[in-house]
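Contents: one structure, followed by commentary.
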Amino acid sequence: MATEQMEKGIVWGISKDLQADIRFEPNACKLYVMDISLGCPMQCVYCLFSPLELMVYKLQNPGYKGDILPLKLDKFLQREEFPPVVYLCYSSDPLGNGELTASTLRVLEKLFANDVHVLLLSKGPMAPEFIDMVRRRPDLMEIQVGVTNFDTERNKIIEPGAPSYEARMENMRVLGAIEGLRSLVVRLDPMFPGIDDTDENITRIMNDASERGVKRAVLSYLVLPQSMKSKLRQDEFLRDAVDAVSEITPTISQQELYSFPFEEKIAKFSHFERLCSERGIQMSVCGCKEHRFKETNFGWTCFPFFSREKREELSRNFKIKLDTSHLKCHDFTLE
Ligand code: SF4
């Protein structure tokens, strides 16, 4: 199934009828993903996928004004076959606002009923109802909390719709106290060179995360196409960082994308790995945003947050299989 869909080329996630459903997404580390909305309330300036989905939908629906639209769940709720694991979400935040959280709760209920593992990445407000839902099946939940900088002014410019640093740390505290949660990761992604990759910032986030029970971090540098580089460098605050994103980087998408030069990344990450481990946190990097990491000794993670063995093990009891062809030797195994 995965190969068949890949051969068709790009998979546009949000269909014309605005129905949410699970889909195979080659660019999300060859994983099955699901979106909850068209558009995302967080409005991160670096987001590659949400604006693309909006653009495609606008082309199909010229009257559309760009509002964030929660997707309908009828199609998903009728589904009877599931992959072993689903990533929430690809081009939206599953907890972006109250309405989206309500949809996510319905989705989780159905996934839990079918023993599907969930990889959830969010910066969002985590309502008590969501936390209660996680408590029902912590054994199926792998959660990453996105927080890349503690600085309020930076966050207002770069992630204008996202909750404050303090709120995201509070999410980690609450999640860190859930017994049996499969994994809890702090995700610094994407780091803007010169803005986010400072010792002060990394140390503060790792200290705060570690105090809240987090033991793992994923760090990744900004990746941009030329068109977004030109747009973002018009903002004076971002200009130097965008200019430092100067090297074409091999990624899973095989598109022309720019990032911080590889040798400089290696030096920075070697240093950050030490800062993390001094605080009891295991650092990994993203192998699909920078293929060359797969040849280094850094722990690297694909979005499934699993090793090859884990993917294969999970596939055994499901009709839909997970691809492992892109996973090589330096898998990052969580447990
Ligand atoms: S939270 Fe994720 S999906 Fe939403 S705008 Fe930010 S990067 Fe895009």
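In the structure tokens, the first chain shown is A, the next is B, and so on; residue numbers restart at 1 for each chain, and ligands run from 1 in the order shown.
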Practice task
May I have all residues of stretch 208-311 of chain A that DSSP, computed from the backbone, assigns to strand (DSSP E), given as a list of chain:residue names?
Solution key: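 Answer for stretch 208-311 of chain A restricted to strand (DSSP E) is A:Arg216, A:Ala217, A:Val218, A:Leu219, A:Ser220, A:Tyr221, A:Val223, A:Leu224, A:Glu247, A:Ile248, A:Tyr258, A:Ser259, A:Gln282, A:Met283, A:Ser284, A:Val285, A:Cys286, A:Trp300, A:Thr301.
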Selected residues written out, N, CA and C atoms, as a PDB file, in the first residue's frame:
```pdb
ATOM      1  N   ARG A 216      14.528  12.823  27.212  1.00  0.00           N
ATOM      2  CA  ARG A 216      14.987  12.774  25.818  1.00  0.00           C
ATOM      3  C   ARG A 216      14.703  14.082  25.106  1.00  0.00           C
ATOM      4  N   ALA A 217      15.608  14.432  24.176  1.00  0.00           N
ATOM      5  CA  ALA A 217      15.431  15.651  23.387  1.00  0.00           C
ATOM      6  C   ALA A 217      15.747  15.342  21.930  1.00  0.00           C
ATOM      7  N   VAL A 218      15.012  15.996  21.037  1.00  0.00           N
ATOM      8  CA  VAL A 218      15.334  15.937  19.605  1.00  0.00           C
ATOM      9  C   VAL A 218      15.643  17.362  19.168  1.00  0.00           C
ATOM     10  N   LEU A 219      16.794  17.537  18.555  1.00  0.00           N
ATOM     11  CA  LEU A 219      17.216  18.869  18.105  1.00  0.00           C
ATOM     12  C   LEU A 219      17.374  18.864  16.590  1.00  0.00           C
ATOM     13  N   SER A 220      16.933  19.945  15.967  1.00  0.00           N
ATOM     14  CA  SER A 220      17.016  19.992  14.511  1.00  0.00           C
ATOM     15  C   SER A 220      17.147  21.443  14.058  1.00  0.00           C
ATOM     16  N   TYR A 221      17.948  21.668  13.024  1.00  0.00           N
ATOM     17  CA  TYR A 221      18.096  23.030  12.496  1.00  0.00           C
ATOM     18  C   TYR A 221      17.023  23.340  11.453  1.00  0.00           C
ATOM     19  N   VAL A 223      15.179  24.251   8.126  1.00  0.00           N
ATOM     20  CA  VAL A 223      15.319  23.802   6.735  1.00  0.00           C
ATOM     21  C   VAL A 223      14.323  24.626   5.915  1.00  0.00           C
ATOM     22  N   LEU A 224      14.800  25.287   4.860  1.00  0.00           N
ATOM     23  CA  LEU A 224      13.912  26.181   4.096  1.00  0.00           C
ATOM     24  C   LEU A 224      14.133  26.056   2.588  1.00  0.00           C
ATOM     25  N   GLU A 247      23.347  26.078   3.056  1.00  0.00           N
ATOM     26  CA  GLU A 247      23.862  24.893   2.358  1.00  0.00           C
ATOM     27  C   GLU A 247      22.699  23.987   1.935  1.00  0.00           C
ATOM     28  N   ILE A 248      22.734  23.548   0.690  1.00  0.00           N
ATOM     29  CA  ILE A 248      21.686  22.612   0.251  1.00  0.00           C
ATOM     30  C   ILE A 248      21.888  21.302   1.014  1.00  0.00           C
ATOM     31  N   TYR A 258      17.495  24.332   2.023  1.00  0.00           N
ATOM     32  CA  TYR A 258      18.723  24.889   2.605  1.00  0.00           C
ATOM     33  C   TYR A 258      18.707  24.718   4.121  1.00  0.00           C
ATOM     34  N   SER A 259      19.904  24.465   4.667  1.00  0.00           N
ATOM     35  CA  SER A 259      20.018  24.397   6.115  1.00  0.00           C
ATOM     36  C   SER A 259      21.388  24.934   6.539  1.00  0.00           C
ATOM     37  N   GLN A 282      18.990  12.433  26.986  1.00  0.00           N
ATOM     38  CA  GLN A 282      19.616  11.805  25.825  1.00  0.00           C
ATOM     39  C   GLN A 282      19.199  12.600  24.581  1.00  0.00           C
ATOM     40  N   MET A 283      20.180  13.113  23.851  1.00  0.00           N
ATOM     41  CA  MET A 283      19.880  13.928  22.669  1.00  0.00           C
ATOM     42  C   MET A 283      19.859  13.076  21.415  1.00  0.00           C
ATOM     43  N   SER A 284      18.949  13.380  20.507  1.00  0.00           N
ATOM     44  CA  SER A 284      19.030  12.781  19.175  1.00  0.00           C
ATOM     45  C   SER A 284      18.792  13.876  18.144  1.00  0.00           C
ATOM     46  N   VAL A 285      19.127  13.560  16.905  1.00  0.00           N
ATOM     47  CA  VAL A 285      18.944  14.515  15.807  1.00  0.00           C
ATOM     48  C   VAL A 285      17.945  13.906  14.826  1.00  0.00           C
ATOM     49  N   CYS A 286      17.549  14.702  13.841  1.00  0.00           N
ATOM     50  CA  CYS A 286      16.544  14.215  12.894  1.00  0.00           C
ATOM     51  C   CYS A 286      17.237  13.754  11.605  1.00  0.00           C
ATOM     52  N   TRP A 300      19.891   9.139  16.032  1.00  0.00           N
ATOM     53  CA  TRP A 300      18.965   9.880  15.169  1.00  0.00           C
ATOM     54  C   TRP A 300      17.612   9.211  15.187  1.00  0.00           C
ATOM     55  N   THR A 301      16.632  10.061  15.042  1.00  0.00           N
ATOM     56  CA  THR A 301      15.284   9.542  15.132  1.00  0.00           C
ATOM     57  C   THR A 301      14.518   9.914  13.885  1.00  0.00           C
TER      58      THR A 301
END
```
Practice task
List all protein, DNA and RNA residues that have an atom no more than 7 Å from any atom of ligand 1, counting only C-alpha atoms and all ligand atoms, and report them as an MDAnalysis selection string.
Solution key: chainID A and resid 40:44 46:50 90:93 122:123 159
What does the file look like for those residues with C-alpha atoms, as a CSV table (one decimal), in the first residue's frame?
```
chain,number,residue,atom,x,y,z
A,40,CYS,CA,-2.9,25.6,11.9
A,41,PRO,CA,-3.6,28.1,14.7
A,42,MET,CA,0.1,28.2,15.7
A,43,GLN,CA,1.1,30.1,12.5
A,44,CYS,CA,4.8,29.3,12.8
A,46,TYR,CA,8.9,28.4,9.3
A,47,CYS,CA,6.1,26.0,8.7
A,48,LEU,CA,6.5,24.2,5.3
A,49,PHE,CA,3.4,22.0,5.2
A,50,SER,CA,0.5,24.0,6.6
A,90,TYR,CA,1.6,16.4,9.7
A,91,SER,CA,0.4,19.9,8.8
A,92,SER,CA,-1.4,21.1,11.9
A,93,ASP,CA,-1.2,21.0,15.6
A,122,SER,CA,2.3,19.6,20.0
A,123,LYS,CA,3.1,23.0,21.2
A,159,GLU,CA,5.5,31.1,16.6
```
Handout entry: Near-A:His291 list (9 Å; only C-alpha atoms; drop same-chain fewer than 5 positions) as a list in words
Key =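 The residues that qualify are Thr249, Pro250, Thr251, Ile252 and Cys286 of chain A.
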Exercise for the section: Would you please extract all helix (DSSP H, G or I) residues from stretch 103-275 of chain A, as assigned by DSSP on the backbone, and give them as a PyMOL selection string? Expected result: chain A and resi 103-113+128-136+138-140+152-158+165-176+199-211+226-232+236-244+262-275
Practice task
Choose the residue, out of A:Cys276, A:Leu59, A:Leu188, A:Leu88, that has the smallest atom-to-atom separation from A:Tyr32; count only C-alpha atoms.
Solution key: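 Among A:Cys276, A:Leu59, A:Leu188, A:Leu88, it is A:Leu88 that comes nearest to A:Tyr32.
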Show me, as a compact mmCIF listing (two decimals) with N, CA and C atoms, in the first residue's frame, the residues that have an atom within 12 Å of A:Glu200 when counting only C-alpha atoms, minus same-chain residues fewer than 6 positions from it.
```
# COMPACT_ATOMS: atom_id res chain seq x y z
N ASN A 149 12.68 27.82 22.20
CA ASN A 149 13.35 28.96 22.85
C ASN A 149 12.49 29.45 24.01
N PHE A 150 13.14 29.93 25.06
CA PHE A 150 12.38 30.44 26.22
C PHE A 150 12.01 31.90 26.05
N ASP A 151 12.56 32.56 25.03
CA ASP A 151 12.41 34.00 24.91
C ASP A 151 11.04 34.41 24.33
N GLY A 194 22.03 31.15 15.56
CA GLY A 194 22.31 32.45 16.17
C GLY A 194 21.19 32.93 17.09
N MET A 206 16.96 22.58 28.77
CA MET A 206 17.29 21.24 29.30
C MET A 206 17.14 21.18 30.82
N ASN A 207 17.54 22.25 31.50
CA ASN A 207 17.34 22.28 32.96
C ASN A 207 15.86 22.18 33.29
N PHE A 272 26.09 20.34 22.18
CA PHE A 272 24.76 20.27 22.83
C PHE A 272 24.51 18.88 23.42
N LEU A 275 25.82 19.09 26.79
CA LEU A 275 24.95 19.88 27.67
C LEU A 275 23.72 19.06 28.08
```
Exercise for the section: Compare A:Arg187, A:Arg168, A:Lys289, A:His117 by their minimum atom-to-atom distance to A:Gly146, counting only C-alpha atoms, and give me the closest one. Expected result: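 Under the stated criterion, the closest residue is A:Arg187.
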Handout entry: Proximity to A:Asp74 - best of A:Ala102, A:Ala20, A:Leu108, A:Gly124, only C-alpha atoms
Key =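 Smallest separation from A:Asp74 among the options: A:Ala20.
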Handout entry: Point-to-point distance from atom CA of A:Phe76 to atom CA of A:Asp139, Å rounded to tenths
Key =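 Between atom CA of A:Phe76 and atom CA of A:Asp139 the gap is 22.4 Å.
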Exercise for the section: For atom CA of A:Thr152 and atom CA of A:Tyr165, determine how far apart the two atoms are, in Å to one decimal place. Expected result: 7.3 Å
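Closest to A:Ser227 among A:Lys268, A:Ile205, A:Glu256, A:Glu313 is A:Glu256, based on only C-alpha atoms.
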Exercise for the section: For each of A:Gly287, A:Pro128, A:Pro160, A:Pro84, take the minimum atom-to-atom distance to A:Ile22, counting only C-alpha atoms, then give the residue where this is smallest. Expected result: A:Pro84
Problem - Separation of atom CA of A:Thr101 from atom CA of A:Gly176 in Å - result: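 These two atoms are separated by 19.9 Å.
You can rank A:Glu290, A:Asp67, A:Glu166, A:Asp115 by their closest distance to A:Ala209 using only C-alpha atoms, and at the top of that list sits A:Glu166.
The residue set within 12 Å of A:Ala177, counting only C-alpha atoms and dropping same-chain residues fewer than 5 places from it, reads Ile131, Val134, Arg135, Pro138, Glu170, Asn171, Met172, Ser183, Leu184, Glu211, Arg212, Gly213 and Val214 of chain A.
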